[in-house]
Amino acid sequence: MTLSPQLSSNLSLEEFLELPETKPASEYINGQIYQKLMPQGKHSRIQTRLSTAINEVGELQRKALALTELRCTFGGRSLVPDIAVFEWSRIPTDEDGEIANRFNSFPDWTIEILSPNQSPNRIINKIISCLNHGTKLGWFTDPNDKSVMVFQPGQLPEVKYNNDRLPVLDVIADWQVKVADIFGWLKVK
(Lines give C-alpha, C1' and ligand atoms only; values in the text may rest on other atoms or scores of the structure.)
Protein backbone atom coordinates (compact mmCIF):
# COMPACT_ATOMS: atom_id res chain seq x y z
CA MET A 1 0.00 0.00 0.00
CA THR A 2 1.12 3.52 -0.63
CA LEU A 3 2.02 5.65 2.32
CA SER A 4 1.25 9.33 2.06
CA PRO A 5 2.11 12.02 4.59
CA GLN A 6 -0.92 12.85 6.66
CA LEU A 7 0.47 15.13 9.33
CA SER A 8 3.78 16.84 9.93
CA SER A 9 3.44 15.75 13.49
CA ASN A 10 5.01 16.88 16.71
CA LEU A 11 3.24 14.02 18.46
CA SER A 12 5.17 11.52 20.49
CA LEU A 13 4.75 7.83 19.76
CA GLU A 14 2.64 7.50 22.91
CA GLU A 15 0.36 10.34 21.76
CA PHE A 16 0.08 8.78 18.31
CA LEU A 17 -0.98 5.45 19.83
CA GLU A 18 -3.80 7.23 21.71
CA LEU A 19 -5.29 8.59 18.45
CA PRO A 20 -8.29 6.78 16.98
CA GLU A 21 -7.37 4.17 14.38
CA THR A 22 -7.75 5.26 10.78
CA LYS A 23 -8.91 3.28 7.77
CA PRO A 24 -6.64 2.49 6.14
CA ALA A 25 -4.12 2.37 8.97
CA SER A 26 -1.66 5.13 9.77
CA GLU A 27 1.95 4.50 10.74
CA TYR A 28 4.34 6.47 12.92
CA ILE A 29 7.83 6.67 11.40
CA ASN A 30 10.55 9.05 12.58
CA GLY A 31 8.03 11.41 14.18
CA GLN A 32 5.87 11.56 11.05
CA ILE A 33 2.45 10.05 10.54
CA TYR A 34 1.76 8.34 7.21
CA GLN A 35 -1.53 6.83 6.14
CA LYS A 36 -1.47 3.70 4.03
CA LEU A 37 -3.64 3.69 0.92
CA MET A 38 -6.35 1.13 0.30
CA PRO A 39 -4.98 -2.03 -1.32
CA GLN A 40 -5.85 -2.77 -4.90
CA GLY A 41 -6.62 -6.13 -6.50
CA LYS A 42 -3.14 -7.65 -6.95
CA HIS A 43 -1.95 -6.44 -3.57
CA SER A 44 -5.04 -7.78 -1.82
CA ARG A 45 -4.88 -11.16 -3.57
CA ILE A 46 -1.20 -11.71 -2.74
CA GLN A 47 -1.69 -10.55 0.85
CA THR A 48 -4.69 -12.82 1.43
CA ARG A 49 -3.33 -15.92 -0.31
CA LEU A 50 0.22 -15.64 1.08
CA SER A 51 -0.92 -15.18 4.68
CA THR A 52 -3.27 -18.16 4.23
CA ALA A 53 -0.47 -20.32 2.82
CA ILE A 54 1.86 -19.43 5.69
CA ASN A 55 -0.86 -20.18 8.24
CA GLU A 56 -1.73 -23.51 6.60
CA VAL A 57 1.68 -24.79 7.71
CA GLY A 58 2.69 -22.45 10.55
CA GLU A 59 -0.56 -22.23 12.50
CA LEU A 60 -1.49 -25.86 12.03
CA GLN A 61 1.85 -26.92 13.54
CA ARG A 62 1.78 -24.07 16.12
CA LYS A 63 5.11 -22.81 14.80
CA ALA A 64 4.23 -19.44 13.28
CA LEU A 65 1.27 -17.14 12.72
CA ALA A 66 0.80 -14.71 9.83
CA LEU A 67 -1.39 -11.67 10.54
CA THR A 68 -2.40 -9.03 8.02
CA GLU A 69 -2.38 -5.30 8.73
CA LEU A 70 -1.23 -5.81 12.33
CA ARG A 71 0.13 -2.81 14.21
CA CYS A 72 3.63 -3.59 15.54
CA THR A 73 5.14 -0.96 17.86
CA PHE A 74 8.86 -1.10 18.61
CA GLY A 75 12.03 0.94 18.29
CA GLY A 76 10.19 4.27 18.44
CA ARG A 77 7.98 3.36 15.47
CA SER A 78 4.51 1.97 15.01
CA LEU A 79 4.33 0.06 11.73
CA VAL A 80 1.56 -1.90 10.04
CA PRO A 81 3.20 -4.46 7.73
CA ASP A 82 1.08 -5.96 4.99
CA ILE A 83 1.85 -9.33 6.60
CA ALA A 84 3.56 -9.74 9.99
CA VAL A 85 4.65 -13.27 10.87
CA PHE A 86 5.45 -14.21 14.45
CA GLU A 87 7.02 -17.41 15.65
CA TRP A 88 4.48 -19.14 17.88
CA SER A 89 6.55 -18.70 21.06
CA ARG A 90 6.66 -14.91 20.50
CA ILE A 91 2.94 -14.28 20.01
CA PRO A 92 1.92 -11.95 22.87
CA THR A 93 -0.99 -13.14 24.98
CA ASP A 94 -3.27 -11.61 27.57
CA GLU A 95 -4.03 -12.90 31.07
CA ASP A 96 -6.54 -15.40 29.61
CA GLY A 97 -3.94 -16.92 27.28
CA GLU A 98 -5.63 -15.36 24.24
CA ILE A 99 -3.78 -13.44 21.57
CA ALA A 100 -3.09 -9.90 22.77
CA ASN A 101 -4.54 -6.87 21.04
CA ARG A 102 -1.29 -4.91 21.18
CA PHE A 103 1.93 -6.18 19.69
CA ASN A 104 4.77 -4.16 21.20
CA SER A 105 7.44 -6.04 19.32
CA PHE A 106 8.93 -6.56 15.89
CA PRO A 107 7.64 -9.37 13.68
CA ASP A 108 9.96 -12.30 13.02
CA TRP A 109 9.17 -11.97 9.33
CA THR A 110 7.79 -8.86 7.65
CA ILE A 111 6.24 -8.93 4.18
CA GLU A 112 5.42 -5.83 2.17
CA ILE A 113 3.65 -5.79 -1.20
CA LEU A 114 4.28 -2.89 -3.56
CA SER A 115 1.19 -1.07 -4.81
CA PRO A 116 0.93 1.32 -7.76
CA ASN A 117 2.33 4.80 -6.99
CA GLN A 118 3.96 3.56 -3.79
CA SER A 119 7.41 4.72 -2.72
CA PRO A 120 9.66 1.64 -2.84
CA ASN A 121 12.33 3.33 -0.72
CA ARG A 122 9.92 4.11 2.12
CA ILE A 123 8.79 0.47 2.17
CA ILE A 124 12.37 -0.82 2.02
CA ASN A 125 13.20 1.53 4.91
CA LYS A 126 10.41 -0.09 6.96
CA ILE A 127 11.83 -3.55 6.27
CA ILE A 128 15.36 -2.45 7.19
CA SER A 129 14.06 -0.87 10.41
CA CYS A 130 12.44 -4.18 11.32
CA LEU A 131 15.69 -6.05 10.64
CA ASN A 132 17.62 -3.58 12.78
CA HIS A 133 15.31 -4.38 15.71
CA GLY A 134 15.36 -8.18 15.49
CA THR A 135 13.29 -9.28 12.50
CA LYS A 136 14.82 -12.38 10.92
CA LEU A 137 13.42 -12.10 7.40
CA GLY A 138 11.87 -9.47 5.14
CA TRP A 139 10.22 -9.79 1.75
CA PHE A 140 9.51 -6.89 -0.58
CA THR A 141 7.09 -8.25 -3.17
CA ASP A 142 6.75 -6.39 -6.48
CA PRO A 143 3.80 -7.46 -8.65
CA ASN A 144 4.99 -5.17 -11.48
CA ASP A 145 8.11 -7.19 -12.32
CA LYS A 146 7.00 -10.32 -10.46
CA SER A 147 9.97 -10.33 -8.11
CA VAL A 148 10.60 -10.67 -4.40
CA MET A 149 13.50 -8.82 -2.79
CA VAL A 150 14.68 -10.80 0.22
CA PHE A 151 16.22 -9.12 3.26
CA GLN A 152 18.11 -11.02 5.95
CA PRO A 153 20.24 -9.65 8.79
CA GLY A 154 23.90 -9.12 7.90
CA GLN A 155 23.37 -9.85 4.19
CA LEU A 156 22.86 -7.77 1.09
CA PRO A 157 19.31 -7.98 -0.31
CA GLU A 158 18.71 -10.52 -3.06
CA VAL A 159 16.11 -10.25 -5.81
CA LYS A 160 14.37 -13.51 -6.67
CA TYR A 161 12.38 -14.31 -9.82
CA ASN A 162 10.39 -17.14 -11.40
CA ASN A 163 11.36 -20.54 -10.05
CA ASP A 164 13.71 -19.18 -7.39
CA ARG A 165 12.88 -20.71 -4.03
CA LEU A 166 12.26 -18.15 -1.32
CA PRO A 167 13.68 -18.38 2.20
CA VAL A 168 11.17 -18.72 5.02
CA LEU A 169 11.48 -18.75 8.80
CA ASP A 170 13.48 -21.69 10.15
CA VAL A 171 10.49 -22.86 12.21
CA ILE A 172 8.58 -23.60 8.98
CA ALA A 173 11.58 -24.55 6.83
CA ASP A 174 9.75 -27.66 5.59
CA TRP A 175 7.40 -25.35 3.63
CA GLN A 176 8.69 -24.34 0.23
CA VAL A 177 7.45 -21.54 -1.96
CA LYS A 178 8.77 -20.13 -5.22
CA VAL A 179 8.35 -16.65 -6.65
CA ALA A 180 6.25 -18.14 -9.48
CA ASP A 181 3.87 -19.64 -6.89
CA ILE A 182 3.15 -16.22 -5.40
CA PHE A 183 2.46 -14.52 -8.71
CA GLY A 184 0.58 -17.55 -10.00
CA TRP A 185 -2.08 -16.73 -7.41
CA LEU A 186 -2.92 -13.62 -9.46
CA LYS A 187 -4.35 -15.76 -12.28
CA VAL A 188 -8.10 -16.12 -11.97
CA LYS A 189 -8.77 -17.75 -15.35
# chains A, B, ... in the order shown; residues from 1 in each chain; ligands from 1
>>> select_by_dssp(residues="chain A", states="strand (DSSP E)", output="PyMOL selection string")
chain A and resi 3-7+26-29+32-36+64-68+72-74+77-79+83-87+109-113+137-142+147-151+158-161
>>> closest_atom_pairs(of="region 50-107 of chain A", to="region 152-170 of chain A", cutoff="12 Å", atoms="only C-alpha atoms", output="Markdown table")
| residue | atom | partner | partner_atom | distance |
| --- | --- | --- | --- | --- |
| A:Ala53 | CA | A:Val168 | CA | 12.0 |
| A:Ile54 | CA | A:Val168 | CA | 9.4 |
| A:Val57 | CA | A:Leu169 | CA | 11.6 |
| A:Gly58 | CA | A:Leu169 | CA | 9.7 |
| A:Lys63 | CA | A:Asp170 | CA | 9.6 |
| A:Ala64 | CA | A:Leu169 | CA | 8.6 |
| A:Leu65 | CA | A:Leu169 | CA | 11.1 |
| A:Ala66 | CA | A:Leu169 | CA | 11.5 |
| A:Val85 | CA | A:Leu169 | CA | 9.0 |
| A:Phe86 | CA | A:Leu169 | CA | 9.4 |
| A:Glu87 | CA | A:Leu169 | CA | 8.3 |
| A:Trp88 | CA | A:Leu169 | CA | 11.5 |
| A:Pro107 | CA | A:Leu169 | CA | 11.2 |
>>> closest_residue(among="A:Ser78, A:Asn104, A:Asn10, A:Gln40", to="Lys126 (chain A)", atoms="only C-alpha atoms")
A:Ser78
>>> residues_around(residues="Asp142 (chain A)", least_positions_apart="5", cutoff="9 Å", atoms="only C-alpha atoms", output="PyMOL selection string")
chain A and resi 112-115+147-149
